[in-house]
Amino acid sequence: MASHDIYNEVAHPGPYMLAWGKFKSDHVSWISFCIVLFFVALAILAPIITPYAPLEQHSQDVLLPPSWSSAGDVRFILGTDDLGRDVFSRLVYGCQITFGLSLLTALAAMLVGTALGALAGMSKGVRASIFNHLLDTILSIPSLLLAIVIVAVLGPGLPNTIWAIFLVLIPLFVHRTRQAIQAELKKEYVTAARLDGANNWQILFRSIFPNIVESIILQYTFAVSAAMLDIAALGFLGLGAQQGSPEWGAMLVASIDLIYRASWLTMLPGITMFLCLLSVNAVGHGLRNALKQRSE
Amino acid sequence: MFIYLVKRLNLLITTLFLLSLLSFSLGHLFPGDPVINFTGQQSLTYEEYADIRQVLALDDSYFMQYLAYLDRVFSGDFGLSFTSQSEVIRDFVRIFPASAELSFYALVVTMLVGLPLGLWAGVKRNSLIDKIIFSASAIANSIPIFWLGLLFILVFSLNLAWLPISGRLNLLYDIPYISGVLLIDIALSDFDNKWPIYQDALRHLILPTVTLATLPTTLLIGMMRTNVISVMDSQYIKAARTKGISLYQIVRRHVLRNALLPIIPQFGLLFNTLMTSTMITEIIFSWPGIGHWLLEAIYQRDYPVIQASLLLVSSFMILINVLADIIHTLVNPLVRKELNG
């Protein structure tokens, strides 16, 4: 059918815009994306938003319930803990640690892992085989166990936890990138580029990378959620962020002793973390659907 | 087929070799004297120290040390635990059944809940029930397991007081240690009235099992749903439908079997998730298993135990992964056809 609208140019969105459009048209993904942005904003603006410092103690107001209950105080919106620290401030600062650090750690792991994966994907023969075996070994150990071992060698503490999770996440990206590159290498457009005389370097950067960027981003969302879970789990197990730190896992483990007296100390960090994880996972899921729909 | 088996075994052996290398280097990486880290004997006289140094070949090259280490691993000598001063391998054998028991029940729950729900969601694709099951599993997938455990304790133990908080059995019942699997031990014990003991053990089992099973169940529902959908889209299902076979018959005869097959290689992933969750669950519910043991060792800086448990647990996992792969090849004719060309 001929186009009746001859004056206006017909817009043909590029592949990225197409995927973005599909992503936005799905309400659940779009809302989750907004929630993720909200958490990012919380993490960045933590010092401005919070009324108190995360470690500031109010000895007069110990174990206040959240402000909506009759015993609560509106100065402490979400109540206080056993040392009189404001739960709301701690949750927001915890967002900086658990969520913000996961974003950064996953980003660093993505850069290193993708570079190594490109190296592995373009190489052949013995080198590739050795790489495969190493990867299979590391991937067959669950990430949390590996992180626990690395922490056991380095000693407990938040910086060591971050290192451990960084090291644990790299193989995931290497694996993903390597698989994606090898799948692309078999396709005909790569052969065409090769026939035009492109060398490996040019094929990798000009032809393959633009086509696998999205699957790497997809892997990034999974890595962020895995990193959050691992940071919080190590904090919970007493191997990560130290006691008293506003990290969500450490807050949860500190609440166990008070679970009968002050259940909000267990509920609030858990709900926050659940919401954050859920939205990150939903964004990943939406992205995957969008990419799948586009290719159909 | 034979070449495939050799390849898999090759992978298994290489992986185990790398793991043993890692475990060996841990002995040197951990702070402190390698002699003490490898053997776990802390109060040694000078002569004993020199003897052990000789046995461990610590004055030789790293290669000879590694061979000596392998030799000890194969004879089951992982040294002594710093804290209990008993042999690490004996502790491991004593503690392992508790973890295996818990994981096994969780796996059973996962299968019983995950497979039917995934099948149902996949068969009724895009209907209301599919959306409900799929969103519920996506939501449950995002609940951190340590929070879920605390939530269960808060609701069912503290507020409703239905179920006990921690442990495996009420302290009133002193069941002798025979196999390590509690339900079997109760059967073997010579108590007169066993029914209340069983009841008590089961009540202790409910919360840890459900907590542990949640994450693998959501994964299994997702896998099963994807598989069922891809099978339902295939040509032979369409052919069967045009022949007028009822939906129940199609599902029972064609869909179920073909959708179950791809689960087998993914079983390794499921199992890894289960093992990681087991460690956290054991901490929350004070379940005396491997996870509890390993974490306790880390708190106490019990290096021989950390070293041994890393090697044993990860070897076990790799074994399961490779076994799942091999079994998949054995039972799935499609993969066999690909292999034979």
# chains A, B, ... in the order shown; residues from 1 in each chain; ligands from 1
$ closest_atom_pairs --of "chain B" --to "chain A" --cutoff "7 Å" --atoms "only C-alpha atoms" --output "CSV"
residue,atom,partner,partner_atom,distance
B:Leu11,CA,A:His133,CA,6.9
B:Thr15,CA,A:Thr137,CA,5.3
B:Leu29,CA,A:Val153,CA,6.8
B:Phe30,CA,A:Val153,CA,5.6
B:Ile139,CA,A:Leu278,CA,6.6
B:Ser142,CA,A:Leu278,CA,5.1
B:Ile143,CA,A:Phe274,CA,5.3
B:Pro144,CA,A:Phe274,CA,6.7
B:Trp147,CA,A:Gly270,CA,5.8
B:Leu158,CA,A:Tyr260,CA,7.0
B:Asn272,CA,A:Pro142,CA,5.7
B:Thr276,CA,A:Leu144,CA,6.4
B:Ile298,CA,A:Ala152,CA,6.1
B:Ser314,CA,A:Ile141,CA,5.8
B:Ile318,CA,A:Ser140,CA,6.1
$ write_last_selection --atoms "C-alpha atoms" --output "CSV table (one decimal), in the first residue's frame"
chain,number,residue,atom,x,y,z
B,11,LEU,CA,36.5,-32.2,31.6
B,15,THR,CA,38.3,-29.4,36.6
B,29,LEU,CA,47.7,-18.2,50.8
B,30,PHE,CA,46.1,-18.3,54.2
B,139,ILE,CA,8.1,-12.2,42.7
B,142,SER,CA,13.4,-11.7,44.1
B,143,ILE,CA,12.9,-12.4,47.8
B,144,PRO,CA,16.3,-12.6,49.5
B,147,TRP,CA,14.9,-12.3,54.7
B,158,LEU,CA,6.9,-16.0,67.0
B,272,ASN,CA,24.1,-25.0,42.7
B,276,THR,CA,24.2,-21.9,48.2
B,298,ILE,CA,35.6,-19.1,58.7
B,314,SER,CA,32.9,-28.1,44.9
B,318,ILE,CA,31.0,-30.7,39.6
$ residues_around --residues "A:Trp163" --least-positions-apart "2" --cutoff "9 Å" --atoms "only C-alpha atoms" --output "PyMOL selection string"
chain A and resi 105+147+150-151+158-161+165-168
$ select_by_dssp --residues "stretch 86-236 of chain B" --states "alpha helix (DSSP H)" --output "PyMOL selection string"
chain B and resi 88-123+128-141+145-152+182-188+195-232+235-236
$ closest_residue --among "B:Asn227, B:Gln235, B:Gln85, B:Ile221" --to "B:Leu112" --atoms "only C-alpha atoms"
B:Ile221
$ closest_residue --among "A:Gly240, A:Gly100, A:Pro51, A:Gly125" --to "A:Leu78" --atoms "only C-alpha atoms"
A:Pro51
$ closest_residue --among "B:Ile165, B:Ala240, B:Leu21, B:Leu160" --to "B:Phe63" --atoms "only C-alpha atoms"
B:Leu21
$ residues_around --residues "stretch 121-129 of chain B" --least-positions-apart "6" --cutoff "7 Å" --atoms "only C-alpha atoms" --output "NGL selection string"
:B and (225-226 or 228-229)
$ write_last_selection --atoms "N, CA and C atoms" --output "CSV table (one decimal), in the first residue's frame"
chain,number,residue,atom,x,y,z
B,225,ARG,N,8.2,-24.0,32.3
B,225,ARG,CA,7.3,-23.2,31.4
B,225,ARG,C,7.8,-23.0,30.1
B,226,THR,N,9.1,-22.6,30.0
B,226,THR,CA,9.8,-22.3,28.7
B,226,THR,C,9.8,-23.6,27.9
B,228,VAL,N,7.9,-26.3,28.1
B,228,VAL,CA,6.5,-26.7,27.7
B,228,VAL,C,6.1,-25.8,26.5
B,229,ILE,N,6.3,-24.5,26.6
B,229,ILE,CA,5.9,-23.6,25.5
B,229,ILE,C,6.6,-24.0,24.2
$ atom_distance --atom1 "atom CA of A:Phe23" --atom2 "atom CA of A:Leu37"
15.2 Å
$ closest_residue --among "A:Leu265, A:Leu18, A:Val28, A:Cys95" --to "A:Gly286" --atoms "only C-alpha atoms"
A:Val28
$ residues_around --residues "A:Pro246" --least-positions-apart "4" --cutoff "12 Å" --atoms "only C-alpha atoms" --output "MDAnalysis selection string"
chainID A and resid 53:56 81 85:99 158 232 235:236 240:242 250:255 265 269
$ write_last_selection --atoms "C-alpha atoms" --output "short mmCIF file (atom, residue, chain, number, x, y, z; two decimals), in the first residue's frame"
data_model
loop_
_atom_site.label_atom_id
_atom_site.label_comp_id
_atom_site.auth_asym_id
_atom_site.auth_seq_id
_atom_site.Cartn_x
_atom_site.Cartn_y
_atom_site.Cartn_z
CA ALA A 53 23.70 10.61 59.70
CA PRO A 54 23.49 6.78 59.50
CA LEU A 55 25.50 6.28 62.68
CA GLU A 56 24.06 9.19 64.69
CA ASP A 81 16.83 0.89 66.26
CA ARG A 85 19.69 5.40 65.02
CA ASP A 86 17.15 6.62 62.47
CA VAL A 87 16.03 3.64 60.35
CA PHE A 88 15.04 5.78 57.36
CA SER A 89 18.48 7.39 57.15
CA ARG A 90 20.15 4.02 57.51
CA LEU A 91 18.02 2.48 54.76
CA VAL A 92 18.89 5.31 52.37
CA TYR A 93 22.59 5.05 53.15
CA GLY A 94 22.28 1.28 52.86
CA CYS A 95 20.97 1.85 49.36
CA GLN A 96 24.26 3.59 48.65
CA ILE A 97 26.22 0.58 49.90
CA THR A 98 24.20 -2.44 48.81
CA PHE A 99 22.70 -1.10 45.59
CA LEU A 158 33.32 -4.64 52.98
CA ALA A 232 23.77 -8.59 51.44
CA GLY A 235 26.80 -8.91 55.29
CA PHE A 236 24.14 -11.17 56.77
CA GLY A 240 30.97 -8.53 54.62
CA ALA A 241 30.04 -5.10 55.93
CA GLN A 242 30.78 -5.00 59.62
CA ALA A 250 24.07 -6.32 58.14
CA MET A 251 20.93 -4.44 59.27
CA LEU A 252 18.91 -7.64 58.89
CA VAL A 253 21.30 -9.74 60.93
CA ALA A 254 21.40 -7.08 63.65
CA SER A 255 17.59 -7.19 63.81
CA LEU A 265 13.78 -3.60 62.03
CA PRO A 269 15.29 -3.50 55.24
#
$ residues_around --residues "stretch 96-108 of chain B" --least-positions-apart "5" --cutoff "8 Å" --atoms "only C-alpha atoms" --output "compact mmCIF listing (two decimals) with N, CA and C atoms, in the first residue's frame"
# COMPACT_ATOMS: atom_id res chain seq x y z
N SER B 179 23.03 -43.13 61.27
CA SER B 179 23.32 -42.84 59.87
C SER B 179 23.49 -41.34 59.65
N GLY B 180 23.03 -40.52 60.59
CA GLY B 180 23.12 -39.08 60.42
C GLY B 180 21.85 -38.50 59.81
N VAL B 181 21.08 -39.34 59.11
CA VAL B 181 19.79 -38.88 58.58
C VAL B 181 18.76 -39.10 59.68
N LEU B 182 18.17 -37.99 60.13
CA LEU B 182 17.41 -38.03 61.37
C LEU B 182 16.22 -38.99 61.29
N LEU B 205 11.35 -29.64 60.51
CA LEU B 205 11.80 -29.64 59.11
C LEU B 205 11.05 -28.63 58.24
N PRO B 208 12.70 -24.80 57.50
CA PRO B 208 13.91 -24.81 56.67
C PRO B 208 13.66 -25.35 55.26
N THR B 209 12.84 -26.40 55.15
CA THR B 209 12.61 -26.98 53.83
C THR B 209 11.91 -25.98 52.92
N VAL B 210 10.88 -25.33 53.44
CA VAL B 210 10.14 -24.38 52.60
C VAL B 210 11.04 -23.21 52.21
N LEU B 212 14.24 -23.19 51.93
CA LEU B 212 15.26 -23.66 51.00
C LEU B 212 14.67 -23.92 49.63
N ALA B 213 13.43 -24.40 49.60
CA ALA B 213 12.85 -24.83 48.33
C ALA B 213 12.36 -23.65 47.49
N LEU B 274 20.60 -24.57 45.03
CA LEU B 274 20.17 -25.25 46.25
C LEU B 274 21.29 -25.27 47.28
N MET B 275 22.52 -25.58 46.85
CA MET B 275 23.64 -25.68 47.79
C MET B 275 23.93 -24.33 48.44
N THR B 278 21.35 -23.59 50.86
CA THR B 278 21.45 -24.45 52.04
C THR B 278 22.33 -23.81 53.10
N TRP B 287 20.80 -25.19 61.72
CA TRP B 287 20.77 -26.59 61.27
C TRP B 287 22.21 -27.09 61.21
N PRO B 288 22.55 -28.13 61.94
CA PRO B 288 23.96 -28.53 62.04
C PRO B 288 24.46 -29.24 60.79
N GLY B 289 24.64 -28.49 59.69
CA GLY B 289 25.08 -29.10 58.44
C GLY B 289 26.38 -28.50 57.94
N ILE B 290 26.68 -28.80 56.66
CA ILE B 290 27.95 -28.39 56.07
C ILE B 290 28.10 -26.86 56.03
N GLY B 291 27.02 -26.16 55.65
CA GLY B 291 27.09 -24.71 55.56
C GLY B 291 27.42 -24.09 56.91
$ residues_around --residues "B:Leu294" --least-positions-apart "6" --cutoff "10 Å" --atoms "only C-alpha atoms" --output "mmCIF file with N, CA and C atoms, in the first residue's frame"
data_model
loop_
_atom_site.group_PDB
_atom_site.id
_atom_site.type_symbol
_atom_site.label_atom_id
_atom_site.label_comp_id
_atom_site.auth_asym_id
_atom_site.auth_seq_id
_atom_site.Cartn_x
_atom_site.Cartn_y
_atom_site.Cartn_z
ATOM 1 N N LEU A 145 29.629 -19.311 47.345
ATOM 2 C CA LEU A 145 30.678 -20.145 47.944
ATOM 3 C C LEU A 145 32.056 -19.604 47.576
ATOM 4 N N ILE A 148 32.713 -16.510 49.442
ATOM 5 C CA ILE A 148 33.036 -16.824 50.838
ATOM 6 C C ILE A 148 34.494 -17.256 50.946
ATOM 7 N N VAL A 149 34.959 -18.067 49.979
ATOM 8 C CA VAL A 149 36.348 -18.532 50.032
ATOM 9 C C VAL A 149 37.308 -17.354 49.855
ATOM 10 N N PHE B 92 33.508 -34.144 58.453
ATOM 11 C CA PHE B 92 32.732 -33.947 57.232
ATOM 12 C C PHE B 92 31.720 -35.070 57.047
ATOM 13 N N MET B 279 23.448 -23.201 52.650
ATOM 14 C CA MET B 279 24.361 -22.605 53.629
ATOM 15 C C MET B 279 23.656 -21.526 54.436
ATOM 16 N N GLN B 300 36.104 -18.848 62.893
ATOM 17 C CA GLN B 300 37.175 -19.268 63.802
ATOM 18 C C GLN B 300 38.537 -19.290 63.135
ATOM 19 N N ASP B 302 39.499 -21.435 60.890
ATOM 20 C CA ASP B 302 39.897 -22.838 60.953
ATOM 21 C C ASP B 302 40.313 -23.260 59.542
ATOM 22 N N VAL B 305 39.765 -26.788 57.770
ATOM 23 C CA VAL B 305 38.360 -27.072 57.474
ATOM 24 C C VAL B 305 37.905 -26.306 56.241
ATOM 25 N N ILE B 306 38.295 -25.014 56.138
ATOM 26 C CA ILE B 306 37.902 -24.219 54.970
ATOM 27 C C ILE B 306 38.433 -24.877 53.702
ATOM 28 N N GLN B 307 39.709 -25.238 53.755
ATOM 29 C CA GLN B 307 40.374 -25.830 52.605
ATOM 30 C C GLN B 307 39.668 -27.124 52.176
ATOM 31 N N ALA B 308 39.419 -27.998 53.143
ATOM 32 C CA ALA B 308 38.823 -29.287 52.824
ATOM 33 C C ALA B 308 37.392 -29.116 52.344
ATOM 34 N N SER B 309 36.618 -28.250 53.016
ATOM 35 C CA SER B 309 35.216 -28.174 52.633
ATOM 36 C C SER B 309 35.076 -27.545 51.254
ATOM 37 N N LEU B 310 35.931 -26.596 50.914
ATOM 38 C CA LEU B 310 35.878 -26.039 49.561
ATOM 39 C C LEU B 310 36.098 -27.152 48.543
#
$ residues_around --residues "B:Asp77" --least-positions-apart "5" --cutoff "9 Å" --atoms "only C-alpha atoms" --output "PyMOL selection string"
chain B and resi 39+71-72+87-89
$ atom_distance --atom1 "atom CA of B:Asp174" --atom2 "atom CA of B:Ile186"
9.7 Å
$ decode --residues "stretch 194-219 of chain B" --atoms "N, CA and C atoms" --output "mmCIF file, in the first residue's frame"
data_model
loop_
_atom_site.group_PDB
_atom_site.id
_atom_site.type_symbol
_atom_site.label_atom_id
_atom_site.label_comp_id
_atom_site.auth_asym_id
_atom_site.auth_seq_id
_atom_site.Cartn_x
_atom_site.Cartn_y
_atom_site.Cartn_z
ATOM 1 N N LYS B 194 7.337 -43.877 68.968
ATOM 2 C CA LYS B 194 8.100 -43.101 67.999
ATOM 3 C C LYS B 194 7.288 -41.996 67.338
ATOM 4 N N TRP B 195 5.981 -42.103 67.355
ATOM 5 C CA TRP B 195 5.156 -41.157 66.597
ATOM 6 C C TRP B 195 5.385 -39.692 67.015
ATOM 7 N N PRO B 196 5.369 -39.381 68.341
ATOM 8 C CA PRO B 196 5.630 -37.971 68.713
ATOM 9 C C PRO B 196 7.018 -37.495 68.299
ATOM 10 N N ILE B 197 7.989 -38.407 68.261
ATOM 11 C CA ILE B 197 9.337 -37.993 67.858
ATOM 12 C C ILE B 197 9.328 -37.635 66.380
ATOM 13 N N TYR B 198 8.669 -38.471 65.579
ATOM 14 C CA TYR B 198 8.558 -38.159 64.148
ATOM 15 C C TYR B 198 7.882 -36.816 63.945
ATOM 16 N N GLN B 199 6.788 -36.631 64.693
ATOM 17 C CA GLN B 199 6.030 -35.389 64.570
ATOM 18 C C GLN B 199 6.929 -34.191 64.866
ATOM 19 N N ASP B 200 7.700 -34.320 65.941
ATOM 20 C CA ASP B 200 8.576 -33.222 66.340
ATOM 21 C C ASP B 200 9.632 -32.962 65.267
ATOM 22 N N ALA B 201 10.225 -34.031 64.731
ATOM 23 C CA ALA B 201 11.255 -33.861 63.710
ATOM 24 C C ALA B 201 10.660 -33.199 62.470
ATOM 25 N N LEU B 202 9.450 -33.612 62.097
ATOM 26 C CA LEU B 202 8.826 -33.039 60.907
ATOM 27 C C LEU B 202 8.492 -31.569 61.118
ATOM 28 N N ARG B 203 8.023 -31.249 62.336
ATOM 29 C CA ARG B 203 7.726 -29.840 62.621
ATOM 30 C C ARG B 203 8.986 -28.990 62.511
ATOM 31 N N HIS B 204 10.124 -29.552 62.926
ATOM 32 C CA HIS B 204 11.379 -28.808 62.786
ATOM 33 C C HIS B 204 11.793 -28.673 61.329
ATOM 34 N N LEU B 205 11.352 -29.635 60.506
ATOM 35 C CA LEU B 205 11.796 -29.640 59.113
ATOM 36 C C LEU B 205 11.047 -28.629 58.242
ATOM 37 N N ILE B 206 9.787 -28.320 58.615
ATOM 38 C CA ILE B 206 8.931 -27.575 57.677
ATOM 39 C C ILE B 206 9.551 -26.241 57.266
ATOM 40 N N LEU B 207 9.884 -25.398 58.238
ATOM 41 C CA LEU B 207 10.354 -24.049 57.890
ATOM 42 C C LEU B 207 11.647 -24.068 57.071
ATOM 43 N N PRO B 208 12.697 -24.800 57.499
ATOM 44 C CA PRO B 208 13.914 -24.814 56.670
ATOM 45 C C PRO B 208 13.662 -25.345 55.262
ATOM 46 N N THR B 209 12.841 -26.398 55.152
ATOM 47 C CA THR B 209 12.608 -26.979 53.829
ATOM 48 C C THR B 209 11.914 -25.979 52.916
ATOM 49 N N VAL B 210 10.878 -25.332 53.442
ATOM 50 C CA VAL B 210 10.143 -24.383 52.598
ATOM 51 C C VAL B 210 11.041 -23.210 52.212
ATOM 52 N N THR B 211 11.809 -22.702 53.181
ATOM 53 C CA THR B 211 12.717 -21.597 52.874
ATOM 54 C C THR B 211 13.689 -21.992 51.781
ATOM 55 N N LEU B 212 14.243 -23.186 51.929
ATOM 56 C CA LEU B 212 15.258 -23.657 50.996
ATOM 57 C C LEU B 212 14.666 -23.922 49.628
ATOM 58 N N ALA B 213 13.426 -24.404 49.601
ATOM 59 C CA ALA B 213 12.845 -24.835 48.327
ATOM 60 C C ALA B 213 12.364 -23.654 47.486
ATOM 61 N N THR B 214 12.152 -22.489 48.105
ATOM 62 C CA THR B 214 11.506 -21.395 47.373
ATOM 63 C C THR B 214 12.270 -20.998 46.115
ATOM 64 N N LEU B 215 13.548 -20.710 46.260
ATOM 65 C CA LEU B 215 14.307 -20.204 45.113
ATOM 66 C C LEU B 215 14.422 -21.243 43.992
ATOM 67 N N PRO B 216 14.835 -22.501 44.285
ATOM 68 C CA PRO B 216 14.879 -23.486 43.206
ATOM 69 C C PRO B 216 13.520 -23.709 42.553
ATOM 70 N N THR B 217 12.438 -23.642 43.364
ATOM 71 C CA THR B 217 11.114 -23.842 42.781
ATOM 72 C C THR B 217 10.818 -22.786 41.720
ATOM 73 N N THR B 218 11.121 -21.521 42.043
ATOM 74 C CA THR B 218 10.833 -20.469 41.061
ATOM 75 C C THR B 218 11.658 -20.703 39.796
ATOM 76 N N LEU B 219 12.908 -21.131 39.964
ATOM 77 C CA LEU B 219 13.737 -21.410 38.788
ATOM 78 C C LEU B 219 13.140 -22.545 37.968
#
